[in-house]
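Structure, as structure tokens:
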Protein chains: 6
Amino acid sequence: MAQALVVINPNSSQSVTDGIDAALEPLRGLGVPIRCETLAEGPPGIETQAQADRVIAPMLDLAARLEPEALGYVIACFGDPGLHALRDETALPVLGIQEAAVANALTRGQRFGVIAILPASVPRQLRAFGAMGVTDRLAGERPLGRGVAALSEAEATLAAMVETGRALRDEDGADVVIMGCAGMAQYRNPLEEALGIPVIEPCQAAVAMAIGRIALRQG
Amino acid sequence: MAQALVVINPNSSQSVTDGIDAALEPLRGLGVPIRCETLAEGPPGIETQAQADRVIAPMLDLAARLEPEALGYVIACFGDPGLHALRDETALPVLGIQEAAVANALTRGQRFGVIAILPASVPRQLRAFGAMGVTDRLAGERPLGRGVAALSEAEATLAAMVETGRALRDEDGADVVIMGCAGMAQYRNPLEEALGIPVIEPCQAAVAMAIGRIALRQG
Amino acid sequence: MAQALVVINPNSSQSVTDGIDAALEPLRGLGVPIRCETLAEGPPGIETQAQADRVIAPMLDLAARLEPEALGYVIACFGDPGLHALRDETALPVLGIQEAAVANALTRGQRFGVIAILPASVPRQLRAFGAMGVTDRLAGERPLGRGVAALSEAEATLAAMVETGRALRDEDGADVVIMGCAGMAQYRNPLEEALGIPVIEPCQAAVAMAIGRIALRQG
Amino acid sequence: MAQALVVINPNSSQSVTDGIDAALEPLRGLGVPIRCETLAEGPPGIETQAQADRVIAPMLDLAARLEPEALGYVIACFGDPGLHALRDETALPVLGIQEAAVANALTRGQRFGVIAILPASVPRQLRAFGAMGVTDRLAGERPLGRGVAALSEAEATLAAMVETGRALRDEDGADVVIMGCAGMAQYRNPLEEALGIPVIEPCQAAVAMAIGRIALRQG
Amino acid sequence: MAQALVVINPNSSQSVTDGIDAALEPLRGLGVPIRCETLAEGPPGIETQAQADRVIAPMLDLAARLEPEALGYVIACFGDPGLHALRDETALPVLGIQEAAVANALTRGQRFGVIAILPASVPRQLRAFGAMGVTDRLAGERPLGRGVAALSEAEATLAAMVETGRALRDEDGADVVIMGCAGMAQYRNPLEEALGIPVIEPCQAAVAMAIGRIALRQG
Amino acid sequence: MAQALVVINPNSSQSVTDGIDAALEPLRGLGVPIRCETLAEGPPGIETQAQADRVIAPMLDLAARLEPEALGYVIACFGDPGLHALRDETALPVLGIQEAAVANALTRGQRFGVIAILPASVPRQLRAFGAMGVTDRLAGERPLGRGVAALSEAEATLAAMVETGRALRDEDGADVVIMGCAGMAQYRNPLEEALGIPVIEPCQAAVAMAIGRIALRQG
């Protein structure tokens, strides 16, 4: 099998993986094969720190098994479970979608807003922004109040995302918005149109960055 | 069995657990039973992010088994693996030794220095200090260049700790020093004497804080 | 007289001292004697920077007189007047209730909110949070609009605290609340129940921390 | 003429443009045409804030002339002169090499070091890092003591870069190094080999990021 | 002609220069001659980053021509275009009105609010506050929604400024307000009266600071 | 007696007051009378936090007595004892020399270094810089190792200041230096000449700022 950039969805929902896969379509033209994998051992959605932490071990094992076929890895769960652990264990490029989305956002606006799924996601992600040292660029983070499963109800989800995005833009002063879950990929285009400011789908951000690293042969 | 504050050493080295247990002796006078547990599934020492992440699942399981006998938990590994996950899963007080050591240090000096074990520990811990939002209080972090196993060689370890502590004090401007590993407990007293500034043993800091929370019945 | 941890209320209101004393009841089980003192030279309540600064000299003098009977000191005024000065003058542990409440809050939530008494308290306390280097963890600070004397009117005070706490939680994103005055101690339990997130009474936080330091014989 | 990503070297040295062009070779495989332009009106090298500011107007004019043939722009001068101005004036993606190098570095290590050309470059770049809000991730910045012209003397320049990079790594704690001038491109590979930590050539970082944006049709 | 402190209005509106000149009247009593110059090459108002960047070159040239008659310079455009460039090119004191207004505000309150002209001004100024390292002191910045030309309509402008200032004070927690445009000078007194907190007119702040530097013969 | 700007030296050493008075000579040409007062109740030099705190009450009393003759106040002790308290008690302008020196330094270089008198001064001043929110601009602070009394030995003091200033410049990266004690005034000119970067005498900085405020009739 040809080597590919391996995108690991650490939850077990194939529909989420399919949504990620579709979102990456425009990046396939760059010539680096992209392969999306679902972590069978994951929960249907990752909503708590405990769930995030518990997927790390099986995800590291999956990555190790796929190493001969891998050009690099993207961990496709906002929260970046196992990001630094996988970097410890491989010399290939490893990107996390939260970290890459923030790196991307720094070049798209002065203050980024984040749409989280549930209220409990917010402190977890604030810790990550603190660890990245980018808190001064964070306009705000607001939860959608919908779990991973509920994200597939398209109409209600998009309406909630537009409302949350407007609050980030108008009340918190965000001039760029990050979608804070890999399961939101299908809503990027209509959300950006509704908000009138850039909306970053984090899997796209991470894969684009990984492709550059692979092209440059930089681990 | 009487309920106790459960201190979990997530590496599998009983000698480290014993060192922690001895360090907690002065706190036993406060009347809250303290019970130190070794995580059988852990590695002999936790030195990489991957090792830290991989102990979380078994540690959460151990904590769940011990819950009926627990008054609270202390996770006795600098790096606080699973700290927020365990907080998600229990209503009892949960303290991590890195977080508690920093909270303690904020009241002991203006800039804290940290003695890490190995160079690779430093970026991992810098991320944690960033997540805690206390980077402005960090004078510096310097590795000892000794892994967990080597910490038991008393003479060489103490000499290295004194040298590292002096560099933190004299070159980095630390006026309080945190020992950045649960396996350093036995060296606190001579190190503090050699440096002439407060030295914080993080298991002591976390257990003292946990006892206060238990006495106040605050989760 | 047996030695004790000395808690100094630097205002002259015995009722405030009594409220502190009652709040510390659960910590008496830890076996370290606690003695609460009222500073006769203080004003009835400390509401301005000038009042805070003017109590320092008599408070230092009181502490010096009590030194033979002291195991350590807690300065029980949010704003921590004389905290660092007293640390200069004694080798015993010295805790301030604002500093200790923040140290405690860092382990209870990701962003702390503070209930101040009066609008003029806010800039004074923001300076203290800046000096502590914890501004990134501060969700917000909101004044109650009630001076120290008015805090004793229980019904109206609790209602105002609940309203202020809800604004900190819902508008500012606090997931832990600090009561920003030693005179609020009696309201901790009902306020926590009303808010559903941890509420920190700062005298409890400081005394718990002091007891740990005393048990460890760490100055 | 086919549309291309336009990389503008705002100094007038064709040799610098040629070095940039060569450094971008590995990214040409991604299928997005890349075209490097020299700003005739620029000085031979940009070493002061006044020089940086004075190239903005002609650079904006050049970009406007090239707009029909452009897929996006990269401003290839560390310091990013005119970055936000060009973003004001076009809907195409605009990347600056300093900003993109930092975004990239955030995913490669915990603290980045920067090799500047001259001492006077340092305060200018510190202002930029402050504006980006990433100061907490900066390990240090050290000048090479060589102007743009002198960078072409290969042996002496590489030796100075290795020495400077080692100081950033060993004294300042950098675990990733950014080359702080577009004229250093040819030295990336040997410098990375000598230092043993990632070295980021900023034109590569910016062009890789721009290609992702172009593929995603995101302005 | 006697030497004077040269205040350069880099937009071409003489009415703005006249407003600045009037605002400086109280500072003329200090005995340092003050001379206000309009940059003929500037646009009628500076509202975008591109406009700000494009005035730098002619402004540097004007300053160079005036050097023999100058005791120092103030760049009278909020955003401080060319501030560091002019400092590179002269040994005389050079102050920018944004930087000086912030320096002044740090001594007048704990958190400053800023009244910007248009929404697009906000990210530009946030970058400047980040470069100054004073983001922790910023309460908020709110646009008036009026361009430079519209500022001359006195009644509507003052009403909008009062409304914006109240939002900064009451919703964002500002205890001092900076007028974020040189064209607002005439409204300082009524705005301060309406808000009841200090209002800083930035040209006054910069000129006062420049006069001190000139008196002390400090470049 | 004519009204004057009152500069209060809160230590009791007339020689220090005389040195301040001499340093202010160039500012007398601006036409605002300046009157330097020694606080009889102060210690000969202020070297500890306790000493700083203990002078506040008598200093507030002195200021109150002088109010009818005052145009404004400068508190001439680095550490700014009583700064905010005096602001609470008067509507006149009140400047502190530490705060004003920092405000001045922000316009003179990108990173300021501070020459403290004794090692114990450093944590006290770091707290003040944190409260000001300017820590990111601080290059470093280094103690001279000389108390206030020893500052009058001219030759040894200047030599030590030059050595300390060079370390701040060359090792810590300062491009502007603040003299961290009112008793160092006489050494500003030779120190600046020796270092080749701006040296700020804090009494001059504060008085210059106060004169601007008085001229503008801004409290």
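Going by the structure tokens order, chains are called A, B, ..., each with residues numbered from 1, while ligands are numbered from 1 in the order shown.
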Considering only C-alpha atoms, extract the chain F residues located within 9 Å of chain B and return them as a PyMOL selection string.
-> chain F and resi 123-124+126-127+130+135-136
Would you export the selected residues with N, CA and C atoms as a compact mmCIF listing (two decimals), in the first residue's frame, please?
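Result saved to out26.txt:
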```txt
# COMPACT_ATOMS: atom_id res chain seq x y z
N PRO F 123 12.65 40.83 44.75
CA PRO F 123 11.27 40.30 44.74
C PRO F 123 10.22 41.38 44.98
N ARG F 124 10.53 42.35 45.82
CA ARG F 124 9.57 43.44 46.08
C ARG F 124 9.27 44.20 44.78
N LEU F 126 9.79 43.09 41.67
CA LEU F 126 9.13 42.21 40.70
C LEU F 126 7.62 42.19 40.95
N ARG F 127 7.23 42.20 42.22
CA ARG F 127 5.78 42.27 42.49
C ARG F 127 5.18 43.55 41.91
N GLY F 130 4.85 43.26 38.21
CA GLY F 130 3.71 42.39 37.92
C GLY F 130 2.40 43.14 38.09
N THR F 135 5.71 42.99 32.97
CA THR F 135 6.76 41.99 33.11
C THR F 135 7.40 41.60 31.78
N ASP F 136 6.60 41.60 30.71
CA ASP F 136 7.17 41.21 29.41
C ASP F 136 8.19 42.22 28.90
```
Shell of 12 Å around Arg213 (chain A), only C-alpha atoms, local chain residues under 2 positions omitted, as a ChimeraX atom specification | /A:5,32,71-74,92-95,206-211,215-219 /D:26-27,30,104-105,107-108,198,200-201,204-209,211-212
Quick one: residues within 12 Å of Glu153 (chain E), only C-alpha atoms counted, chain neighbours fewer than 5 positions away excluded, as a list in words?
->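 Residues meeting the cut-off are Arg146, Gly147, Val148, Leu158, Ala159, Ala160, Met161, Gly183, Met184, Gln186 and Tyr187 of chain E.
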Can you write out the residues you just picked, keeping N, CA and C atoms, as a tab-separated table (two decimals), in the first residue's frame?
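Below is the file that was written, part_14.tsv:
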```tsv
chain	number	residue	atom	x	y	z
E	146	ARG	N	-17.23	55.99	13.53
E	146	ARG	CA	-17.16	57.26	12.79
E	146	ARG	C	-15.73	57.42	12.27
E	147	GLY	N	-15.60	57.74	10.98
E	147	GLY	CA	-14.30	57.98	10.40
E	147	GLY	C	-13.75	59.34	10.80
E	148	VAL	N	-12.52	59.65	10.37
E	148	VAL	CA	-11.87	60.90	10.77
E	148	VAL	C	-12.69	62.11	10.35
E	158	LEU	N	-19.72	63.74	20.04
E	158	LEU	CA	-19.63	63.71	21.49
E	158	LEU	C	-20.63	62.70	22.08
E	159	ALA	N	-21.83	62.68	21.53
E	159	ALA	CA	-22.81	61.72	22.03
E	159	ALA	C	-22.30	60.29	21.86
E	160	ALA	N	-21.73	60.01	20.70
E	160	ALA	CA	-21.21	58.66	20.46
E	160	ALA	C	-20.04	58.35	21.39
E	161	MET	N	-19.20	59.35	21.63
E	161	MET	CA	-18.06	59.12	22.51
E	161	MET	C	-18.50	58.85	23.94
E	183	GLY	N	-7.84	63.24	16.15
E	183	GLY	CA	-8.91	64.15	15.76
E	183	GLY	C	-10.01	64.29	16.78
E	184	MET	N	-9.85	63.75	17.96
E	184	MET	CA	-10.89	63.80	18.99
E	184	MET	C	-10.59	64.84	20.06
E	186	GLN	N	-10.84	67.95	20.78
E	186	GLN	CA	-11.77	68.96	21.31
E	186	GLN	C	-12.79	68.37	22.29
E	187	TYR	N	-12.95	67.05	22.29
E	187	TYR	CA	-14.00	66.46	23.12
E	187	TYR	C	-13.50	66.00	24.49
```
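Backbone DSSP of region 27-110 of chain D yields strand (DSSP E) at Ile34, Arg35, Cys36, Glu37, Thr38, Ala70, Leu71, Gly72, Tyr73, Val74, Ile75, Val94, Leu95 and Gly96 of chain D.
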Near-region 7-14 of chain B list (9 Å; only C-alpha atoms; drop same-chain fewer than 5 positions) as a VMD selection string | chain B and resid 19 to 21 34 to 46 52 55 to 56 58 to 59 62 to 63 72 to 77 81 149 182 203 207
Please produce a file of the residues just selected, as a short mmCIF file (atom, residue, chain, number, x, y, z; two decimals), in the first residue's frame, where the atoms kept are C-alpha atoms.
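Generated file (result-v2.cif):
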```cif
data_model
loop_
_atom_site.label_atom_id
_atom_site.label_comp_id
_atom_site.auth_asym_id
_atom_site.auth_seq_id
_atom_site.Cartn_x
_atom_site.Cartn_y
_atom_site.Cartn_z
CA GLY B 19 10.23 7.46 49.85
CA ILE B 20 6.97 9.34 49.42
CA ASP B 21 5.50 7.57 52.42
CA ILE B 34 -2.74 8.60 54.53
CA ARG B 35 -2.30 5.50 52.40
CA CYS B 36 0.30 5.25 49.65
CA GLU B 37 -0.37 2.96 46.70
CA THR B 38 1.93 1.82 43.90
CA LEU B 39 0.42 1.44 40.45
CA ALA B 40 1.44 -2.07 39.41
CA GLU B 41 0.73 -1.36 35.75
CA GLY B 42 3.07 1.65 35.65
CA PRO B 43 6.64 1.66 34.31
CA PRO B 44 9.54 1.71 36.83
CA GLY B 45 9.82 5.46 36.25
CA ILE B 46 7.83 7.98 34.21
CA ALA B 52 2.82 9.60 31.55
CA VAL B 55 -0.54 5.26 33.06
CA ILE B 56 -3.73 7.30 33.14
CA PRO B 58 -4.95 2.03 34.83
CA MET B 59 -4.61 4.79 37.40
CA LEU B 62 -7.26 1.90 40.50
CA ALA B 63 -8.80 5.07 41.89
CA GLY B 72 -9.43 12.04 48.52
CA TYR B 73 -6.59 11.41 46.09
CA VAL B 74 -3.11 12.69 45.43
CA ILE B 75 -1.48 11.77 42.11
CA ALA B 76 2.18 11.49 43.04
CA CYS B 77 3.92 12.02 39.72
CA PRO B 81 -0.93 12.54 34.67
CA ALA B 149 16.24 4.86 38.75
CA ALA B 182 8.22 12.35 43.43
CA CYS B 203 4.09 15.21 47.62
CA VAL B 207 -0.98 16.01 50.77
#
```
Contacts of region 115-122 of chain A at 6 Å or less, counting only C-alpha atoms, minus same-chain residues fewer than 4 places along, as JSON, numbers by chain?
-> {"A": [141, 142, 143, 144, 145, 146, 147, 179, 180]}
Output file for the selection above: N, CA, C and O atoms, as a short mmCIF file (atom, residue, chain, number, x, y, z; two decimals), in the first residue's frame:
```cif
data_model
loop_
_atom_site.label_atom_id
_atom_site.label_comp_id
_atom_site.auth_asym_id
_atom_site.auth_seq_id
_atom_site.Cartn_x
_atom_site.Cartn_y
_atom_site.Cartn_z
N GLU A 141 -14.29 31.60 24.24
CA GLU A 141 -14.69 30.26 23.84
C GLU A 141 -16.10 30.07 24.37
O GLU A 141 -16.38 30.37 25.53
N ARG A 142 -16.98 29.59 23.52
CA ARG A 142 -18.37 29.41 23.92
C ARG A 142 -18.84 28.01 23.51
O ARG A 142 -18.58 27.58 22.39
N PRO A 143 -19.54 27.34 24.41
CA PRO A 143 -20.03 26.00 24.08
C PRO A 143 -21.33 26.07 23.29
O PRO A 143 -22.17 26.95 23.50
N LEU A 144 -21.48 25.11 22.42
CA LEU A 144 -22.67 24.97 21.59
C LEU A 144 -23.79 24.34 22.39
O LEU A 144 -24.98 24.50 22.06
N GLY A 145 -23.40 23.57 23.39
CA GLY A 145 -24.41 22.83 24.16
C GLY A 145 -24.90 21.60 23.42
O GLY A 145 -26.01 21.13 23.67
N ARG A 146 -24.09 21.07 22.52
CA ARG A 146 -24.47 19.86 21.79
C ARG A 146 -23.30 18.89 21.83
O ARG A 146 -22.17 19.27 21.53
N GLY A 147 -23.55 17.64 22.18
CA GLY A 147 -22.51 16.62 22.21
C GLY A 147 -22.15 16.18 20.79
O GLY A 147 -22.76 16.63 19.81
N MET A 179 -13.54 26.14 14.71
CA MET A 179 -14.52 25.12 15.06
C MET A 179 -13.85 24.12 15.99
O MET A 179 -12.89 23.44 15.59
N GLY A 180 -14.35 24.01 17.21
CA GLY A 180 -13.64 23.27 18.25
C GLY A 180 -14.00 21.80 18.35
O GLY A 180 -14.02 21.25 19.46
#
```
Residue list (helix (DSSP H, G or I), DSSP) for region 95-177 of chain E, as an MDAnalysis selection string | chainID E and resid 97:105 121:132 135:137 149:152 154:170
Find the residues around Gln3 (chain E) up to 8 Å (only C-alpha atoms counted), leave out those fewer than 3 positions away in its own chain, and share them as a PyMOL selection string.
-> chain E and resi 33+68-71
Keeping only all heavy atoms, write the selected residues to a file as a short mmCIF file (atom, residue, chain, number, x, y, z; two decimals), in the first residue's frame.
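Everything below was put into out_6.cif:
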```cif
data_model
loop_
_atom_site.label_atom_id
_atom_site.label_comp_id
_atom_site.auth_asym_id
_atom_site.auth_seq_id
_atom_site.Cartn_x
_atom_site.Cartn_y
_atom_site.Cartn_z
N PRO E 33 8.76 75.91 22.94
CA PRO E 33 7.94 76.21 21.76
C PRO E 33 7.41 74.92 21.12
O PRO E 33 8.11 73.91 21.06
CB PRO E 33 8.91 76.93 20.82
CG PRO E 33 10.03 77.40 21.69
CD PRO E 33 10.13 76.41 22.81
N PRO E 68 16.84 70.72 11.59
CA PRO E 68 17.60 71.85 12.15
C PRO E 68 16.77 72.73 13.08
O PRO E 68 17.32 73.40 13.95
CB PRO E 68 18.02 72.64 10.90
CG PRO E 68 17.90 71.69 9.76
CD PRO E 68 16.82 70.73 10.12
N GLU E 69 15.46 72.73 12.89
CA GLU E 69 14.59 73.59 13.71
C GLU E 69 13.92 72.80 14.83
O GLU E 69 13.08 73.36 15.55
CB GLU E 69 13.50 74.21 12.82
CG GLU E 69 14.07 74.96 11.63
CD GLU E 69 13.08 74.99 10.47
OE1 GLU E 69 11.87 75.21 10.73
OE2 GLU E 69 13.51 74.78 9.30
N ALA E 70 14.26 71.55 14.95
CA ALA E 70 13.51 70.69 15.88
C ALA E 70 14.23 70.47 17.20
O ALA E 70 15.45 70.30 17.23
CB ALA E 70 13.22 69.34 15.23
N LEU E 71 13.45 70.47 18.29
CA LEU E 71 13.95 70.05 19.61
C LEU E 71 13.55 68.61 19.88
O LEU E 71 14.08 67.96 20.80
CB LEU E 71 13.32 70.94 20.69
CG LEU E 71 13.72 72.41 20.66
CD1 LEU E 71 12.79 73.23 21.57
CD2 LEU E 71 15.17 72.57 21.10
#
```
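Between CA of Ala4 (chain A) and CA of Arg28 (chain A) lies a distance of 11.1 Å.
Residue nearest Arg166 (chain B), chosen from B:Glu67, B:Ala22, B:Glu89, B:Gly196 and counting only C-alpha atoms: B:Gly196.
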